[in-house]
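K.L.:
Take a look at this one; I'll ask things after.
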Amino acid sequence: MMVPAVLLLLGAVTAVLAPRLLAGAGWPEREPVVALWVWQCVVGAVLLCFALSMLLSAAAAWHAVRGRLFAAAPHGVVDAYALGPTGGPWAAGTALLLAGGGLWTGVRLAREVLRARAGRRARGAELLVRAPLLPGEDPAGARLVVLEGPRPEAWWLPGAAPQLVVTTAALGRLKGSQLDAVLAHEQGHAAARHDWLLHCSRALAGGFPQVPVFAAFEAEIVRLVELAADDVASRRYGRLTIALALVGLNEDRGVFGPSPAPQPHVPERVRRLLTAPPRMSPGRRLRLTALATLVPAVPLLVAFVPGLSALT
């Protein structure tokens with residue numbers, strides 16, 4: 001039972017320490033795409049620790065699970081894990097607890113996806129009423145929808161055929177290439193499928209609000225996807241253009257006032273665009289990406305080392 005316990009401890013320590021380490025880093029603001037990958041790898045490592053601990057605990061508790069899990073393993077591999085004849089008093093409880101956590105995660109993710117799909121269908125139907133398809137327009141194709149509206153707004157409706165929506169007030173407020181920059185920002189969301197990242201982060205944070213890494217994952221994903229989409233637009237139209245567009249879309253909402261803002265990330269995004277923090281060198285970006293990719297390999301290494309050592 002040593003390996004399942006080590007995996008469980010490794011997952012718990014990572015869940016607590018990783019958010020603190022990443023919160024103190026200054027580079028995610030400069031490289032949001034790399035930061036998104038790092039967060040995914042960290043969360044994946046935590047989930048992998050719990051999943052592997054569940055499997056090995058179940059193998060220790062029940063001979064049927066052990067036989068299936070190690071069916072293709074050579075002789076002596078099972079003995080290397082020291083699972084014991086009955087697995088100890090905690091094996092079954094640990095396996096059932098972790099299995100329940102995995103089932104609850106799946107339920108939360110399914111609920112989040114179904115809720116998002118229902119919301120997309122409702123908003124899509126509303127868009128068709130307010131902006132009907134033109135003759136010959138493909139209903140399954142991507143659309144740019146212009147709506148009558150007194151408030152300057154622009155957003156994207158994700159799905160198989162993402163729809164970019166902009167109000168007439170935004171058309172009147174945005175000047176020159178600012179509208180193109182806003183649309184490029186929304187297209188960056190659609191191309192990177194940021195909606196799936198948001199679904200996963202909300203499901204984990206909603207299902208396990210006491211786990212620090214999941215709560216921090218949700219908060220950081222919401223911020224980082226906006227920074228990443230800002231970078232997509234700024235590379236095409238310049239930082240000043242997208243910064244002015246953000247100011248134009250949000251200046252009437254009290255975002256830049258002294259009171260708490262309803263969208264606190266907007267001032268931060270404008271400041272970042274105007275101050276233009278230097279990007280990391282390609283070599284450092286590559287090293288960070290490679291290092292993050294190795295994080296999920298740690299629980300795999302812990303899980304498989306006893307079996308591999310038995311083969312040598």
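In the structure tokens, the first chain shown is A, the next is B, and so on; residue numbers restart at 1 for each chain, and ligands run from 1 in the order shown.
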What's the 10 Å shell around Val222 in chain A, counting only C-alpha atoms, without same-chain residues fewer than 2 positions away, as an MDAnalysis selection string?
P.N.:
chainID A and resid 194 197:198 201:202 217:220 224:227 265
K.L.:
Set the distance at 7 Å and use only C-alpha atoms: which residues neighbour range 25-33 of chain A once local chain neighbours fewer than 4 positions away are removed? I'd like the list as a PyMOL selection string.
P.N.:
chain A and resi 21+37+224+227-228+277-279
K.L.:
Pull N, CA and C atoms from the residues just selected and write them as a short mmCIF file (atom, residue, chain, number, x, y, z; two decimals), in the first residue's frame.
P.N.:
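Everything below was put into again-v1.cif:
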data_model
loop_
_atom_site.label_atom_id
_atom_site.label_comp_id
_atom_site.auth_asym_id
_atom_site.auth_seq_id
_atom_site.Cartn_x
_atom_site.Cartn_y
_atom_site.Cartn_z
N LEU A 21 3.01 28.69 -5.78
CA LEU A 21 4.20 28.91 -6.59
C LEU A 21 3.88 29.70 -7.85
N TRP A 37 -0.87 26.38 -20.58
CA TRP A 37 -0.37 25.01 -20.68
C TRP A 37 0.16 24.52 -19.33
N LEU A 224 -6.36 34.39 -18.02
CA LEU A 224 -5.34 34.09 -19.02
C LEU A 224 -5.91 33.95 -20.42
N LEU A 227 -6.06 37.39 -21.81
CA LEU A 227 -4.74 37.90 -22.18
C LEU A 227 -4.24 37.25 -23.46
N ALA A 228 -4.48 35.94 -23.59
CA ALA A 228 -4.05 35.25 -24.80
C ALA A 228 -4.77 35.77 -26.03
N PRO A 277 4.82 44.58 -21.73
CA PRO A 277 5.90 43.81 -21.09
C PRO A 277 6.62 42.95 -22.12
N PRO A 278 7.94 42.88 -22.04
CA PRO A 278 8.68 42.10 -23.04
C PRO A 278 8.38 40.62 -22.93
N ARG A 279 8.32 39.97 -24.07
CA ARG A 279 8.10 38.53 -24.09
C ARG A 279 9.37 37.79 -23.70
#
K.L.:
Which of range 118-301 of chain A end up as helix (DSSP H, G or I) when DSSP is run on this backbone - answer as a PyMOL selection string?
P.N.:
chain A and resi 118-130+168-173+178-192+194-207+212-237+239-253+265-275+282-294+297-301
K.L.:
Set the distance at 12 Å and use only C-alpha atoms: which residues neighbour Glu186 in chain A once local chain neighbours fewer than 5 positions away are removed? I'd like the list as a PyMOL selection string.
P.N.:
chain A and resi 144+153-158+162-166+179-181+191-195+225-233+242
K.L.:
Please provide the set of residues having any atom within 9 Å of Glu112 in chain A, restricted to only C-alpha atoms, with same-chain residues fewer than 5 positions apart removed, written as a ChimeraX atom specification.
P.N.:
/A:107,117,199-200,202-203
K.L.:
Would you mind exporting the chosen residues as a short mmCIF file (atom, residue, chain, number, x, y, z; two decimals), in the first residue's frame, restricted to N, CA and C atoms?
P.N.:
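selection14.cif was written with the following content:
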data_model
loop_
_atom_site.label_atom_id
_atom_site.label_comp_id
_atom_site.auth_asym_id
_atom_site.auth_seq_id
_atom_site.Cartn_x
_atom_site.Cartn_y
_atom_site.Cartn_z
N VAL A 107 -19.80 14.13 -13.31
CA VAL A 107 -21.16 14.69 -13.24
C VAL A 107 -21.11 16.20 -13.38
N ARG A 117 -24.39 24.21 -23.46
CA ARG A 117 -25.05 23.93 -24.73
C ARG A 117 -26.46 24.48 -24.76
N HIS A 199 -15.09 25.41 -19.30
CA HIS A 199 -15.99 24.37 -18.80
C HIS A 199 -15.28 23.49 -17.77
N CYS A 200 -14.08 23.03 -18.11
CA CYS A 200 -13.35 22.13 -17.20
C CYS A 200 -13.00 22.82 -15.89
N ARG A 202 -14.51 25.37 -14.45
CA ARG A 202 -15.72 25.60 -13.65
C ARG A 202 -16.22 24.30 -13.01
N ALA A 203 -16.13 23.22 -13.76
CA ALA A 203 -16.59 21.94 -13.22
C ALA A 203 -15.73 21.52 -12.02
#
K.L.:
From a DSSP pass on the backbone, collect the residues of range 116-278 of chain A flagged as strand (DSSP E) and hand them back as a ChimeraX atom specification.
P.N.:
/A:143-147,154-157,163-167
K.L.:
Given only C-alpha atoms as the basis, pick out the residue of A:Val3, A:Leu8, A:Leu240, A:Leu291 nearest to Ala59 in chain A.
P.N.:
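Residue with the minimum atom-to-atom distance to Ala59 in chain A: A:Val3.
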K.L.:
Calculated over only C-alpha atoms, which of the candidates A:Thr168, A:Gln40, A:Ser53, A:Asn250 has the smallest distance to Gly11 in chain A?
P.N.:
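Closest to Gly11 in chain A, using only C-alpha atoms: A:Ser53.
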K.L.:
Could you give me, as an mmCIF file with all heavy atoms, in the first residue's frame, the residues within 7 Å of range 98-105 of chain A, counting only C-alpha atoms and dropping anything in the same chain fewer than 6 positions from it?
P.N.:
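Final output, saved to around-v2.cif:
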data_model
loop_
_atom_site.group_PDB
_atom_site.id
_atom_site.type_symbol
_atom_site.label_atom_id
_atom_site.label_comp_id
_atom_site.auth_asym_id
_atom_site.auth_seq_id
_atom_site.Cartn_x
_atom_site.Cartn_y
_atom_site.Cartn_z
ATOM 1 N N PHE A 50 -4.527 11.163 -8.203
ATOM 2 C CA PHE A 50 -5.693 10.586 -7.549
ATOM 3 C C PHE A 50 -6.215 9.370 -8.310
ATOM 4 O O PHE A 50 -6.642 8.383 -7.698
ATOM 5 C CB PHE A 50 -6.784 11.646 -7.419
ATOM 6 C CG PHE A 50 -6.422 12.783 -6.501
ATOM 7 C CD1 PHE A 50 -6.970 14.041 -6.669
ATOM 8 C CD2 PHE A 50 -5.528 12.596 -5.456
ATOM 9 C CE1 PHE A 50 -6.642 15.092 -5.828
ATOM 10 C CE2 PHE A 50 -5.178 13.639 -4.602
ATOM 11 C CZ PHE A 50 -5.741 14.886 -4.789
ATOM 12 N N MET A 54 -6.314 5.630 -6.849
ATOM 13 C CA MET A 54 -7.581 4.896 -6.797
ATOM 14 C C MET A 54 -7.420 3.491 -7.375
ATOM 15 O O MET A 54 -7.879 2.499 -6.787
ATOM 16 C CB MET A 54 -8.651 5.667 -7.558
ATOM 17 C CG MET A 54 -9.998 4.959 -7.636
ATOM 18 S SD MET A 54 -11.072 5.646 -8.898
ATOM 19 C CE MET A 54 -10.212 5.116 -10.387
ATOM 20 N N ALA A 203 -16.129 23.215 -13.760
ATOM 21 C CA ALA A 203 -16.586 21.936 -13.224
ATOM 22 C C ALA A 203 -15.734 21.516 -12.024
ATOM 23 O O ALA A 203 -16.271 21.095 -10.990
ATOM 24 C CB ALA A 203 -16.532 20.867 -14.313
ATOM 25 N N LEU A 204 -14.425 21.644 -12.127
ATOM 26 C CA LEU A 204 -13.546 21.247 -11.024
ATOM 27 C C LEU A 204 -13.702 22.175 -9.823
ATOM 28 O O LEU A 204 -13.776 21.710 -8.678
ATOM 29 C CB LEU A 204 -12.094 21.243 -11.499
ATOM 30 C CG LEU A 204 -11.720 20.119 -12.471
ATOM 31 C CD1 LEU A 204 -10.336 20.350 -13.042
ATOM 32 C CD2 LEU A 204 -11.787 18.769 -11.781
ATOM 33 N N GLY A 207 -17.137 21.571 -8.260
ATOM 34 C CA GLY A 207 -17.257 20.279 -7.599
ATOM 35 C C GLY A 207 -16.408 20.151 -6.353
ATOM 36 O O GLY A 207 -16.785 19.450 -5.407
#
K.L.:
Find the residue from A:Val46, A:Arg121, A:Pro282, A:Leu7 that sits nearest to Thr94 in chain A; use only C-alpha atoms when measuring.
P.N.:
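That would be A:Leu7, the residue with the smallest distance to Thr94 in chain A.
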K.L.:
Using only C-alpha atoms, which of A:Leu174, A:Val305, A:Leu294, A:Val65 sits nearest Leu246 in chain A?
P.N.:
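Smallest distance to Leu246 in chain A is found for A:Leu174.
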K.L.:
Have a look at CA of Ala61 in chain A and CA of Ala91 in chain A and let me know their distance in Å, one decimal.
P.N.:
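Computing the Euclidean distance for CA of Ala61 in chain A and CA of Ala91 in chain A yields 5.2 Å.
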K.L.:
Could you check how far CA of Val6 in chain A sits from CA of Ala35 in chain A, in Å to one decimal?
P.N.:
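Interatomic distance, CA of Val6 in chain A to CA of Ala35 in chain A: 27.3 Å.
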K.L.:
Out of A:Ala5, A:Pro19, A:Gly124, A:His63, which residue has the shortest atom-to-atom distance to Trp90 in chain A when counting only C-alpha atoms?
P.N.:
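Smallest separation from Trp90 in chain A among the options: A:Ala5.
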K.L.:
Between CA of Thr241 in chain A and CA of Arg269 in chain A, what is the distance in Å, rounded to a tenth?
P.N.:
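Atom-to-atom, CA of Thr241 in chain A and CA of Arg269 in chain A are spaced 12.7 Å apart.
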K.L.:
Using only C-alpha atoms, can you tell me which of A:Tyr237, A:Phe70, A:Trp196, A:Phe208 comes closest to Val182 in chain A?
P.N.:
A:Tyr237
